[in-house]
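Here is entry-v1.txt, consisting of compact mmCIF, C-alpha atoms and all ligand atoms:
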```
# COMPACT_ATOMS: atom_id res chain seq x y z
CA MET V 1 148.24 55.65 -40.37
CA THR V 2 145.45 53.63 -41.93
CA ALA V 3 141.91 54.81 -41.27
CA ALA V 4 140.18 52.80 -38.57
CA GLN V 5 137.82 50.33 -40.13
CA ILE V 6 134.18 51.06 -39.43
CA LEU V 7 131.80 48.11 -39.21
CA THR V 8 128.01 48.09 -39.12
CA LEU V 9 125.82 45.67 -37.21
CA THR V 10 122.38 45.32 -35.62
CA ILE V 11 121.84 45.26 -31.84
CA ASP V 12 118.28 44.70 -30.61
CA GLY V 13 116.94 45.71 -34.02
CA LYS V 14 118.88 48.97 -34.03
CA HIS V 15 121.43 49.64 -36.82
CA VAL V 16 124.69 50.73 -35.22
CA SER V 17 128.33 51.08 -36.19
CA GLY V 18 131.67 50.87 -34.41
CA LEU V 19 135.40 50.53 -34.95
CA ALA V 20 136.79 47.11 -35.79
CA HIS V 21 138.68 46.85 -32.49
CA GLU V 22 135.63 47.61 -30.34
CA THR V 23 133.72 45.01 -28.36
CA LEU V 24 129.99 44.43 -28.52
CA LEU V 25 129.67 45.84 -25.01
CA GLN V 26 131.44 49.09 -25.96
CA VAL V 27 129.31 49.60 -29.07
CA ALA V 28 126.13 48.78 -27.15
CA LEU V 29 126.96 51.32 -24.44
CA GLU V 30 127.83 53.99 -27.03
CA ASN V 31 124.32 53.47 -28.39
CA ASP V 32 122.51 53.55 -25.02
CA ILE V 33 121.79 49.84 -25.07
CA ALA V 34 122.18 48.62 -21.50
CA ILE V 35 123.81 45.23 -20.87
CA PRO V 36 124.33 44.18 -17.22
CA THR V 37 127.98 43.64 -16.16
CA LEU V 38 129.78 42.85 -12.92
CA CYS V 39 133.46 41.93 -13.46
CA CYS V 40 133.94 44.54 -16.19
CA LEU V 41 135.25 47.98 -15.25
CA GLU V 42 136.31 50.68 -17.70
CA GLY V 43 140.09 51.07 -17.66
CA LEU V 44 140.84 47.46 -16.69
CA SER V 45 141.42 44.49 -18.97
CA ASN V 46 138.32 42.40 -19.64
CA GLN V 47 138.24 38.80 -18.57
CA GLY V 48 134.63 37.88 -19.28
CA SER V 49 134.25 35.78 -16.15
CA CYS V 50 130.98 36.92 -14.55
CA ARG V 51 128.94 35.94 -17.65
CA LEU V 52 126.25 38.57 -17.00
CA CYS V 53 126.86 40.30 -20.34
CA MET V 54 126.06 37.19 -22.39
CA VAL V 55 124.18 38.08 -25.60
CA GLU V 56 122.71 36.07 -28.45
CA ILE V 57 124.36 36.37 -31.86
CA ALA V 58 122.50 35.14 -34.95
CA GLY V 59 124.25 32.11 -36.46
CA THR V 60 125.86 30.91 -33.22
CA THR V 61 124.25 28.37 -30.95
CA LYS V 62 125.76 29.55 -27.64
CA PRO V 63 125.40 32.98 -26.06
CA GLN V 64 128.65 35.01 -26.09
CA PRO V 65 130.06 37.47 -23.53
CA ALA V 66 129.68 40.99 -24.97
CA CYS V 67 132.71 42.38 -23.09
CA VAL V 68 135.25 40.18 -24.93
CA THR V 69 133.52 39.67 -28.28
CA LEU V 70 134.73 41.99 -31.05
CA ILE V 71 132.11 43.36 -33.40
CA GLN V 72 131.88 41.99 -36.93
CA GLU V 73 130.33 43.32 -40.10
CA GLY V 74 126.66 42.35 -40.39
CA MET V 75 126.39 40.83 -36.91
CA VAL V 76 122.83 40.53 -35.58
CA VAL V 77 122.79 40.69 -31.78
CA ILE V 78 120.07 40.34 -29.15
CA THR V 79 120.85 41.61 -25.64
CA GLN V 80 117.48 40.96 -23.97
CA SER V 81 115.46 37.75 -24.22
CA GLU V 82 113.62 35.53 -21.78
CA ASN V 83 116.49 33.03 -21.96
CA LEU V 84 119.17 35.65 -21.27
CA ARG V 85 117.15 37.09 -18.39
CA THR V 86 116.86 33.61 -16.88
CA TYR V 87 120.64 33.03 -17.24
CA ARG V 88 121.40 36.39 -15.64
CA ARG V 89 119.03 35.82 -12.72
CA THR V 90 120.52 32.36 -12.20
CA ILE V 91 124.06 33.78 -12.09
CA ILE V 92 123.01 36.30 -9.44
CA GLU V 93 121.25 33.59 -7.40
CA LEU V 94 124.34 31.37 -7.56
CA LEU V 95 126.55 34.23 -6.36
CA PHE V 96 124.22 34.81 -3.40
CA SER V 97 124.01 31.14 -2.47
CA GLU V 98 127.77 30.59 -2.75
CA ARG V 99 128.86 32.81 0.18
CA ASN V 100 127.26 34.69 3.06
CA HIS V 101 125.41 37.76 1.83
CA ILE V 102 123.26 39.46 4.43
CA CYS V 103 122.54 42.80 2.78
CA ALA V 104 120.61 44.26 5.72
CA VAL V 105 123.72 44.28 7.93
CA CYS V 106 126.38 44.66 5.22
CA VAL V 107 128.80 47.55 5.09
CA ALA V 108 127.92 47.99 1.39
CA ASN V 109 124.13 47.90 1.83
CA GLU V 110 122.55 50.32 -0.68
CA HIS V 111 125.91 50.85 -2.43
CA CYS V 112 126.51 47.36 -3.78
CA GLU V 113 126.51 46.37 -7.46
CA LEU V 114 125.45 42.79 -6.71
CA GLN V 115 122.51 43.97 -4.60
CA THR V 116 121.45 46.49 -7.27
CA LEU V 117 121.68 43.92 -10.05
CA ALA V 118 119.54 41.49 -8.04
CA ARG V 119 116.88 44.17 -7.69
CA ASP V 120 117.08 45.28 -11.35
CA LEU V 121 116.88 41.73 -12.64
CA GLY V 122 113.91 40.93 -10.39
CA VAL V 123 115.71 38.34 -8.23
CA ASP V 124 113.24 38.19 -5.34
CA HIS V 125 114.54 34.99 -3.71
CA ILE V 126 117.39 32.50 -4.06
CA SER V 127 116.18 29.17 -5.36
CA PHE V 128 119.45 27.36 -4.57
CA PRO V 129 120.18 26.23 -0.99
CA GLY V 130 122.77 28.41 0.75
CA ARG V 131 126.25 26.92 1.29
CA TYR V 132 127.01 29.05 4.39
CA PRO V 133 130.79 28.53 4.15
CA ALA V 134 132.83 29.52 7.22
CA LEU V 135 135.10 32.14 5.67
CA PRO V 136 137.58 34.42 7.44
CA VAL V 137 137.66 38.21 7.60
CA ASP V 138 141.15 39.70 7.19
CA ALA V 139 141.34 42.90 9.27
CA SER V 140 145.13 42.90 9.61
CA HIS V 141 145.62 45.98 7.40
CA ASP V 142 145.71 49.39 9.18
CA ARG V 143 143.08 50.99 7.00
CA PHE V 144 141.18 48.31 5.10
CA VAL V 145 139.34 45.03 5.62
CA LEU V 146 138.84 42.01 3.31
CA ASP V 147 135.68 40.04 4.08
CA HIS V 148 135.70 36.82 2.02
CA ASN V 149 132.04 36.26 2.90
CA ARG V 150 131.02 38.99 0.46
CA CYS V 151 133.57 38.37 -2.31
CA ILE V 152 132.23 37.31 -5.72
CA LEU V 153 135.69 36.65 -7.23
CA CYS V 154 135.24 39.27 -9.94
CA THR V 155 139.03 39.97 -9.75
CA ARG V 156 138.59 43.72 -10.18
CA CYS V 157 140.93 44.13 -7.18
CA VAL V 158 143.53 41.82 -8.72
CA ARG V 159 143.44 43.66 -12.04
CA VAL V 160 143.44 47.21 -10.67
CA CYS V 161 146.39 46.39 -8.38
CA ALA V 162 148.43 44.71 -11.12
CA GLU V 163 147.46 46.84 -14.12
CA ILE V 164 147.02 50.33 -12.66
CA GLU V 165 148.90 50.47 -9.36
CA GLY V 166 151.58 48.08 -10.62
CA ALA V 167 151.93 46.38 -7.23
CA HIS V 168 150.22 43.05 -8.00
CA THR V 169 149.50 42.35 -4.34
CA TRP V 170 146.29 40.43 -5.02
CA ASP V 171 145.81 37.08 -6.69
CA ILE V 172 143.45 34.13 -6.61
CA GLN V 173 144.39 31.02 -4.70
CA GLY V 174 142.65 27.65 -4.85
CA ARG V 175 140.37 26.22 -7.52
CA GLY V 176 136.70 26.48 -8.41
CA ILE V 177 134.28 27.08 -5.57
CA ARG V 178 137.17 27.06 -3.05
CA SER V 179 138.98 29.97 -4.74
CA LEU V 180 139.91 32.91 -2.53
CA ILE V 181 141.43 36.32 -3.05
CA THR V 182 144.90 36.29 -1.51
CA ALA V 183 147.57 38.90 -0.74
CA ASP V 184 151.19 38.17 -1.71
CA PHE V 185 151.83 34.46 -1.10
CA ASN V 186 148.86 34.00 1.22
CA SER V 187 149.97 36.47 3.90
CA PRO V 188 147.68 38.54 6.09
CA TRP V 189 147.02 41.76 4.12
CA GLY V 190 148.63 43.85 6.86
CA GLN V 191 151.91 41.98 6.42
CA SER V 192 152.01 42.30 2.65
CA THR V 193 155.32 43.77 1.46
CA THR V 194 153.93 44.76 -1.94
CA CYS V 195 150.71 46.60 -0.93
CA THR V 196 151.14 50.40 -1.21
CA SER V 197 147.91 51.08 0.74
CA CYS V 198 146.59 53.11 -2.20
CA GLY V 199 143.07 51.74 -1.66
CA LYS V 200 142.23 51.34 -5.36
CA CYS V 201 141.13 47.73 -4.79
CA VAL V 202 138.71 48.88 -2.09
CA GLN V 203 137.17 51.53 -4.29
CA VAL V 204 136.67 49.28 -7.35
CA CYS V 205 135.32 46.27 -5.43
CA PRO V 206 131.64 46.01 -6.45
CA THR V 207 130.50 44.53 -3.13
CA GLY V 208 131.14 44.76 0.59
CA ALA V 209 134.16 42.42 0.35
CA LEU V 210 136.73 45.23 0.50
CA PHE V 211 136.00 48.23 2.71
CA GLU V 212 137.55 50.97 4.80
CA LYS V 213 138.02 50.25 8.48
CA GLY V 214 135.56 52.00 10.76
CA ARG V 215 132.67 51.89 8.27
CA SER V 216 129.48 50.44 9.70
CA VAL V 217 126.34 49.05 8.02
CA ALA V 218 125.54 50.80 4.71
CA GLU V 219 128.39 53.28 5.19
CA MET V 220 130.82 52.05 2.53
CA LEU V 221 130.14 54.29 -0.43
CA LYS V 222 132.78 53.51 -3.05
CA LYS V 223 134.58 56.36 -4.77
CA ARG V 224 135.37 54.86 -8.19
CA PRO V 225 138.69 56.25 -9.42
CA SER V 226 138.55 57.32 -13.07
CA LEU V 227 140.81 54.58 -14.39
CA PRO V 228 140.85 55.58 -18.10
CA TYR V 229 141.94 59.08 -16.99
CA LEU V 230 144.74 57.69 -14.81
CA VAL V 231 145.94 55.45 -17.62
CA SER V 232 145.92 58.19 -20.27
CA ASN V 233 147.81 60.62 -18.01
CA ARG V 234 150.46 58.04 -17.32
CA THR V 235 150.85 57.09 -20.96
CA ARG V 236 151.40 60.78 -21.75
CA GLU V 237 154.04 61.12 -19.00
CA GLN V 238 155.94 58.14 -20.33
CA GLN V 239 156.09 59.53 -23.87
CA MET T 1 81.10 39.04 -1.91
CA ASN T 2 82.90 37.73 1.16
CA LYS T 3 85.96 39.64 2.27
CA PRO T 4 89.30 37.85 1.78
CA ARG T 5 90.55 36.23 4.97
CA LEU T 6 94.02 37.55 5.88
CA ALA T 7 96.49 36.13 8.37
CA THR T 8 99.95 37.25 9.46
CA LEU T 9 102.55 35.12 11.21
CA TRP T 10 105.72 35.92 13.10
CA LEU T 11 108.46 33.27 13.04
CA ASP T 12 112.19 34.01 13.60
CA GLY T 13 112.22 37.73 12.82
CA CYS T 14 112.50 40.96 14.78
CA SER T 15 108.85 42.05 14.20
CA GLY T 16 110.14 44.81 11.93
CA CYS T 17 108.03 43.56 9.03
CA HIS T 18 104.90 43.76 11.17
CA MET T 19 105.98 47.27 12.22
CA SER T 20 106.29 48.14 8.53
CA LEU T 21 102.76 46.85 7.95
CA LEU T 22 101.55 49.12 10.78
CA ASP T 23 103.51 51.93 9.11
CA THR T 24 100.91 52.01 6.33
CA ASP T 25 99.26 54.45 8.78
CA GLU T 26 95.78 55.63 7.75
CA ARG T 27 95.77 53.15 4.86
CA LEU T 28 95.37 50.47 7.55
CA LEU T 29 91.74 51.59 7.83
CA ASP T 30 91.34 50.93 4.10
CA LEU T 31 92.89 47.52 4.48
CA ALA T 32 90.86 46.70 7.59
CA ALA T 33 87.65 47.50 5.71
CA ARG T 34 88.57 45.21 2.84
CA VAL T 35 89.79 42.08 4.65
CA ASP T 36 88.97 39.89 7.61
CA LEU T 37 92.07 39.67 9.77
CA VAL T 38 91.57 36.14 11.10
CA TYR T 39 94.95 35.39 12.68
CA SER T 40 97.96 37.53 13.61
CA PRO T 41 100.17 38.63 16.53
CA LEU T 42 97.89 41.68 16.31
CA VAL T 43 94.65 39.80 17.08
CA ASP T 44 93.70 37.53 19.95
CA CYS T 45 93.36 34.14 18.29
CA LYS T 46 95.37 31.13 19.38
CA LEU T 47 94.70 28.64 16.59
CA TYR T 48 95.33 29.12 12.91
CA PRO T 49 91.91 28.87 11.26
CA GLU T 50 90.88 26.93 8.14
CA ALA T 51 90.36 28.46 4.69
CA VAL T 52 92.59 31.50 4.87
CA ASP T 53 93.03 33.42 1.61
CA ILE T 54 96.29 35.30 2.19
CA ALA T 55 99.00 34.71 4.80
CA CYS T 56 101.99 37.04 5.25
CA ILE T 57 104.80 35.29 7.08
CA GLU T 58 107.62 37.20 8.70
CA GLY T 59 110.80 35.48 9.86
CA ALA T 60 112.99 32.50 9.06
CA VAL T 61 112.22 28.91 10.07
CA SER T 62 114.42 28.38 13.13
CA THR T 63 112.84 25.60 15.18
CA ALA T 64 110.87 22.41 14.62
CA GLU T 65 107.85 24.32 15.92
CA ASP T 66 108.30 27.03 13.26
CA GLU T 67 108.41 24.33 10.61
CA CYS T 68 105.29 22.65 11.96
CA ARG T 69 103.36 25.95 12.07
CA LEU T 70 104.52 26.85 8.56
CA ARG T 71 103.38 23.50 7.15
CA SER T 72 99.93 23.76 8.71
CA VAL T 73 99.57 27.35 7.49
CA ARG T 74 100.46 26.21 3.97
CA GLU T 75 97.76 23.52 4.11
CA ARG T 76 95.09 25.99 5.18
CA THR T 77 96.06 28.97 3.02
CA LYS T 78 95.53 29.80 -0.65
CA CYS T 79 98.26 32.40 -1.09
CA LEU T 80 101.37 32.42 1.03
CA ILE T 81 103.62 35.50 1.10
CA ALA T 82 107.23 35.42 2.37
CA LEU T 83 107.33 38.85 4.02
CA GLY T 84 110.78 40.36 4.39
CA ASP T 85 114.37 39.14 4.07
CA CYS T 86 114.30 36.67 7.02
CA ALA T 87 111.40 34.77 5.44
CA VAL T 88 112.87 35.15 1.94
CA THR T 89 116.59 34.40 2.50
CA GLY T 90 117.09 33.58 6.20
CA ASN T 91 118.82 36.95 6.61
CA VAL T 92 120.15 37.80 10.11
CA PRO T 93 118.90 34.64 11.91
CA ALA T 94 120.74 32.60 9.24
CA MET T 95 124.05 34.17 10.25
CA ARG T 96 124.35 31.33 12.73
CA ASN T 97 124.29 28.74 9.93
CA THR T 98 127.98 29.23 9.26
CA TRP T 99 129.26 28.27 12.70
CA GLY T 100 126.34 26.18 13.96
CA THR T 101 123.77 26.92 16.62
CA ASP T 102 125.77 25.45 19.51
CA THR T 103 128.82 27.60 18.88
CA VAL T 104 126.70 30.72 18.60
CA LEU T 105 124.65 30.00 21.75
CA ARG T 106 127.82 29.32 23.73
CA SER T 107 129.48 32.43 22.43
CA VAL T 108 126.49 34.65 23.30
CA TYR T 109 125.38 33.16 26.63
CA LEU T 110 128.54 31.63 28.14
CA GLU T 111 131.67 33.13 26.69
CA ARG T 112 130.74 36.81 27.16
CA GLU T 113 130.76 38.38 30.57
CA ALA T 114 127.19 37.36 31.34
CA LEU T 115 125.68 38.00 34.79
CA ALA T 116 124.20 34.52 35.05
CA ALA T 117 126.00 32.50 32.42
CA ARG T 118 123.61 29.82 31.15
CA ILE T 119 121.92 28.93 27.89
CA PRO T 120 118.17 29.53 28.29
CA THR T 121 116.11 26.38 27.65
CA GLU T 122 112.95 26.60 29.76
CA ASP T 123 109.70 27.12 27.85
CA LEU T 124 111.62 27.77 24.66
CA PRO T 125 111.57 25.65 21.51
CA LEU T 126 115.01 24.22 20.70
CA LEU T 127 116.80 26.07 17.93
CA SER T 128 117.48 23.88 14.90
CA ASP T 129 120.97 23.82 13.52
CA LYS T 130 120.11 26.21 10.69
CA ALA T 131 117.68 29.08 10.21
CA LEU T 132 116.24 28.67 6.71
CA PRO T 133 113.95 30.55 4.32
CA LEU T 134 110.29 29.51 4.00
CA HIS T 135 110.63 28.08 0.49
CA THR T 136 113.03 25.41 1.80
CA PHE T 137 109.95 23.76 3.34
CA VAL T 138 106.81 24.83 1.47
CA LYS T 139 105.71 26.46 -1.77
CA VAL T 140 105.74 30.23 -1.49
CA ASP T 141 103.47 32.21 -3.81
CA PHE T 142 104.99 35.66 -3.37
CA PHE T 143 108.35 36.90 -2.20
CA LEU T 144 108.55 40.39 -0.72
CA PRO T 145 112.25 40.96 0.03
CA GLY T 146 113.41 43.94 2.06
CA CYS T 147 114.60 44.48 5.61
CA PRO T 148 111.87 45.42 6.18
CA PRO T 149 109.89 45.84 2.94
CA SER T 150 108.55 49.40 2.98
CA ALA T 151 104.99 50.15 4.05
CA ASP T 152 104.28 51.14 0.43
CA THR T 153 105.55 47.79 -0.85
CA ILE T 154 103.45 45.83 1.63
CA PHE T 155 100.37 47.93 0.93
CA SER T 156 100.74 47.63 -2.88
CA ALA T 157 101.25 43.88 -2.64
CA LEU T 158 98.26 43.32 -0.37
CA THR T 159 95.89 45.52 -2.37
CA ALA T 160 97.00 43.85 -5.61
CA LEU T 161 96.32 40.42 -4.09
CA ILE T 162 92.96 41.47 -2.70
CA GLU T 163 91.94 42.88 -6.08
CA GLY T 164 93.22 39.80 -7.92
CA ARG T 165 95.76 41.69 -10.05
CA SER T 166 98.86 40.08 -8.64
CA ALA T 167 99.98 38.33 -11.85
CA ASP T 168 101.93 41.26 -13.30
CA LEU T 169 102.93 42.73 -9.96
CA ARG T 170 106.40 44.29 -10.15
CA LEU T 171 107.43 45.78 -6.81
CA ASN T 172 110.29 48.16 -6.20
CA THR T 173 111.94 46.17 -3.44
CA GLY T 174 115.06 44.05 -3.00
CA PHE T 175 117.36 42.41 -0.45
CA GLY T 176 118.54 44.66 2.39
CA THR T 177 118.12 48.45 2.69
S1 LIG I 301 128.10 42.45 -0.64
FE1 LIG I 301 126.29 43.34 -1.60
S2 LIG I 301 124.98 41.57 -2.02
FE2 LIG I 301 126.53 40.91 -0.54
S3 LIG I 301 125.57 41.25 1.48
FE3 LIG I 301 126.73 43.11 0.97
S4 LIG I 301 125.16 44.45 0.04
FE4 LIG I 301 124.35 42.36 -0.04
S1 LIG I 302 137.40 41.39 -3.16
FE1 LIG I 302 135.90 42.60 -4.29
S2 LIG I 302 137.00 43.26 -6.16
FE2 LIG I 302 138.17 41.57 -5.27
S3 LIG I 302 137.41 39.73 -6.31
FE3 LIG I 302 136.23 39.94 -4.40
S4 LIG I 302 134.40 41.09 -4.98
FE4 LIG I 302 135.89 41.36 -6.65
```

Translate the structure of the given file into structure tokens.
Amino acid sequence: MTAAQILTLTIDGKHVSGLAHETLLQVALENDIAIPTLCCLEGLSNQGSCRLCMVEIAGTTKPQPACVTLIQEGMVVITQSENLRTYRRTIIELLFSERNHICAVCVANEHCELQTLARDLGVDHISFPGRYPALPVDASHDRFVLDHNRCILCTRCVRVCAEIEGAHTWDIQGRGIRSLITADFNSPWGQSTTCTSCGKCVQVCPTGALFEKGRSVAEMLKKRPSLPYLVSNRTREQQ
Amino acid sequence: MNKPRLATLWLDGCSGCHMSLLDTDERLLDLAARVDLVYSPLVDCKLYPEAVDIACIEGAVSTAEDECRLRSVRERTKCLIALGDCAVTGNVPAMRNTWGTDTVLRSVYLEREALAARIPTEDLPLLSDKALPLHTFVKVDFFLPGCPPSADTIFSALTALIEGRSADLRLNTGFGT
């Protein structure tokens, strides 16, 4: 086995090092440098779609997503700047204006990653007009509910179901702003023939879009499964 | 020095934000000593006066009358605060925006098992089709999200404004909770 290549770089003025296959986000976290994320979840593949982890890299003109950018020798990275803060706040505001988020009466109130990010990033109002789309709530499953009004299309549910549970019940249908999470080939969740009712999607969903039936306002505290642990146990079993 | 003139207004909200203001308990005496409360659901004054320094507005804009009051308050007020989620985002009143006011009124007053099924109209301003946040209509100087913002948040914001140190104000409050 060849020794893993160690690279050195600078993040926010701090000299750090990491392995050649690590991403900027991983190396930042290992060094207690906080970068906000939403679609990323340890143990799942990264798709870099929420754009909250954008950072500035010296020598490039556009910000890059830290979760899918591999580190390089001599990189100089900035994770906090007025520009980046403005981008991040704008992303949060767009997510709020796109669907119907009413935190005060939401099942995930006080336990929601979108709500927490808004507070942490100082989003105190939404400058874009609300779209107020009329979106359905799918309560056909015995134990769980999907409320499209609160979905931010992070695809954590899609990835956890396909990559960890191996059922691949969830997918995205439609395009752009009309995209929706969908079970099987657009069936009511309760009629899905692939769903194993494991509930992993519910627990990894960052918002109030997926929740357990019977939970009322602010009652949906998510129990994040330790995905890296699940994956490593399985890999061992297969060997 | 003259005391700052404070006003509070209640549009389409549940009065929870005003309750939260009252929740500042004994600090209300502090506040009362430092401002002139010139207009509020808490004082007996029918017309919004001229030259108000600070106005806290609770509630979304839900009727043409709300909009008209908001615009005249803006004209007569130096610093306008959107107090609470309804004023800041539309919040619960804006839940009707998805299906439209008519559908919601019919569902609540006619299609449930009401004793006397009819949509109330007498002496009430007509609901507009959408309930909207204040900044859709006028410039808002400060946003205090929260449902309701805590008494501490309201007190810190008001004292900072009264003392003129509002520029770097960073409050621990957000949507919901
Ligand atoms: S999902 Fe999160 S941000 Fe959306 S309404 Fe619920 S608590 Fe608020
Ligand atoms: S349902 Fe939840 S986990 Fe799935 S895409 Fe929407 S917000 Fe993300």

Non-local contacts of T:Val88 (9 Å; all atoms listed in the file; under 4 positions in same chain excluded) as a list in words: Asp124, His125 and Ile126 of chain V; Glu58, Gly59, Ala60, Ala82, Leu83, Gly84, Leu132, Pro133, Leu134, His135, Phe143, Leu144, Pro145, Gly146 and Phe175 of chain T

Which residues of chain T sit at most 12 Å from chain V, using only C-alpha atoms? Give each one's shortest atom pair and distance in Å (one decimal place), in chain and ascending residue order, as CSV.
```
residue,atom,partner,partner_atom,distance
T:Ile81,CA,V:Asp124,CA,11.9
T:Ala82,CA,V:His125,CA,9.5
T:Leu83,CA,V:Asp124,CA,11.1
T:Gly84,CA,V:Asp124,CA,10.3
T:Asp85,CA,V:Ala104,CA,8.2
T:Cys86,CA,V:Ile102,CA,9.7
T:Ala87,CA,V:His125,CA,9.7
T:Val88,CA,V:His125,CA,5.9
T:Thr89,CA,V:His125,CA,6.6
T:Gly90,CA,V:Ile102,CA,8.7
T:Asn91,CA,V:Ile102,CA,5.5
T:Val92,CA,V:Ile102,CA,6.7
T:Pro93,CA,V:Ile102,CA,9.9
T:Ala94,CA,V:Tyr132,CA,8.7
T:Met95,CA,V:Asn100,CA,7.9
T:Arg96,CA,V:Tyr132,CA,9.0
T:Asn97,CA,V:Tyr132,CA,6.2
T:Thr98,CA,V:Tyr132,CA,5.0
T:Trp99,CA,V:Ala134,CA,6.7
T:Gly100,CA,V:Ala134,CA,9.9
T:Lys130,CA,V:Tyr132,CA,9.8
T:Ala131,CA,V:Gly130,CA,10.8
T:Leu132,CA,V:Gly130,CA,8.8
T:Pro133,CA,V:His125,CA,9.2
T:Leu134,CA,V:His125,CA,10.4
T:His135,CA,V:Ser127,CA,8.1
T:Thr136,CA,V:Pro129,CA,7.7
T:Phe137,CA,V:Pro129,CA,11.4
T:Lys139,CA,V:Ser127,CA,11.4
T:Val140,CA,V:His125,CA,10.2
T:Asp141,CA,V:His125,CA,11.4
T:Phe142,CA,V:Asp124,CA,8.9
T:Phe143,CA,V:Asp124,CA,6.0
T:Leu144,CA,V:Asp124,CA,6.9
T:Pro145,CA,V:Asp124,CA,6.1
T:Gly146,CA,V:Ala104,CA,8.1
T:Cys147,CA,V:Ala104,CA,6.0
T:Pro148,CA,V:Ala104,CA,8.8
T:Pro149,CA,V:Ala104,CA,11.2
T:Leu169,CA,V:Gly122,CA,11.1
T:Arg170,CA,V:Gly122,CA,8.2
T:Leu171,CA,V:Gly122,CA,8.9
T:Asn172,CA,V:Arg119,CA,7.8
T:Thr173,CA,V:Arg119,CA,6.8
T:Gly174,CA,V:Arg119,CA,5.0
T:Phe175,CA,V:Cys103,CA,6.1
T:Gly176,CA,V:Ala104,CA,3.9
T:Thr177,CA,V:Ala104,CA,5.7
```

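Reported to one decimal place, the separation of atom CA of V:Cys154 from atom CA of V:Val204 is 10.4 Å.
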
Exercise. Find the distance between atom CA of V:Ile57 and atom CA of V:Val77 and write it in Å to one decimal.
Key: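 Distance between the two atoms: 4.6 Å.
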
The centre and edge lengths of an axis-aligned box containing all atoms of ligand LIG 302 (chain I) present in the file, extended by 5 Å on each side, are to be given in Å to one decimal, as lines of an AutoDock Vina configuration file.
```
center_x = 136.3
center_y = 41.5
center_z = -4.9
size_x = 13.8
size_y = 13.5
size_z = 13.5
```

request  = Quick one: pull the distance between atom FE1 of ligand LIG 301 (chain I) and atom CA of V:Leu41, Å, one decimal.
outcome  =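 Between atom FE1 of ligand LIG 301 (chain I) and atom CA of V:Leu41 the gap works out to 17.0 Å.
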
Near V:Ser81, counting all atoms listed in the file, which residues have an atom at most 10 Å away, once you skip same-chain residues fewer than 5 positions from it, shown as a list in words?
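Everything that qualifies: Asp12, Val55, Glu56, Thr86 and Tyr87 of chain V.
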
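Shortest atom-to-atom contact with V:Tyr229 among V:Leu44, V:Ile78, V:Ala139, V:Leu84: V:Leu44, counting only C-alpha atoms.
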
Nearby residues, (114.2, 28.2, 16.3) file frame, 7 Å, all atoms listed in the file, as a PDB file with C-alpha atoms, in the coordinates of the input:
```pdb
ATOM      1  CA  ASP T  12     112.190  34.010  13.600  1.00  0.00           C
ATOM      2  CA  VAL T  61     112.220  28.910  10.070  1.00  0.00           C
ATOM      3  CA  SER T  62     114.420  28.380  13.130  1.00  0.00           C
ATOM      4  CA  THR T  63     112.840  25.600  15.180  1.00  0.00           C
ATOM      5  CA  ALA T  64     110.870  22.410  14.620  1.00  0.00           C
ATOM      6  CA  ASP T  66     108.300  27.030  13.260  1.00  0.00           C
ATOM      7  CA  PRO T 125     111.570  25.650  21.510  1.00  0.00           C
ATOM      8  CA  LEU T 126     115.010  24.220  20.700  1.00  0.00           C
ATOM      9  CA  LEU T 127     116.800  26.070  17.930  1.00  0.00           C
ATOM     10  CA  SER T 128     117.480  23.880  14.900  1.00  0.00           C
TER      11      SER T 128
END
```
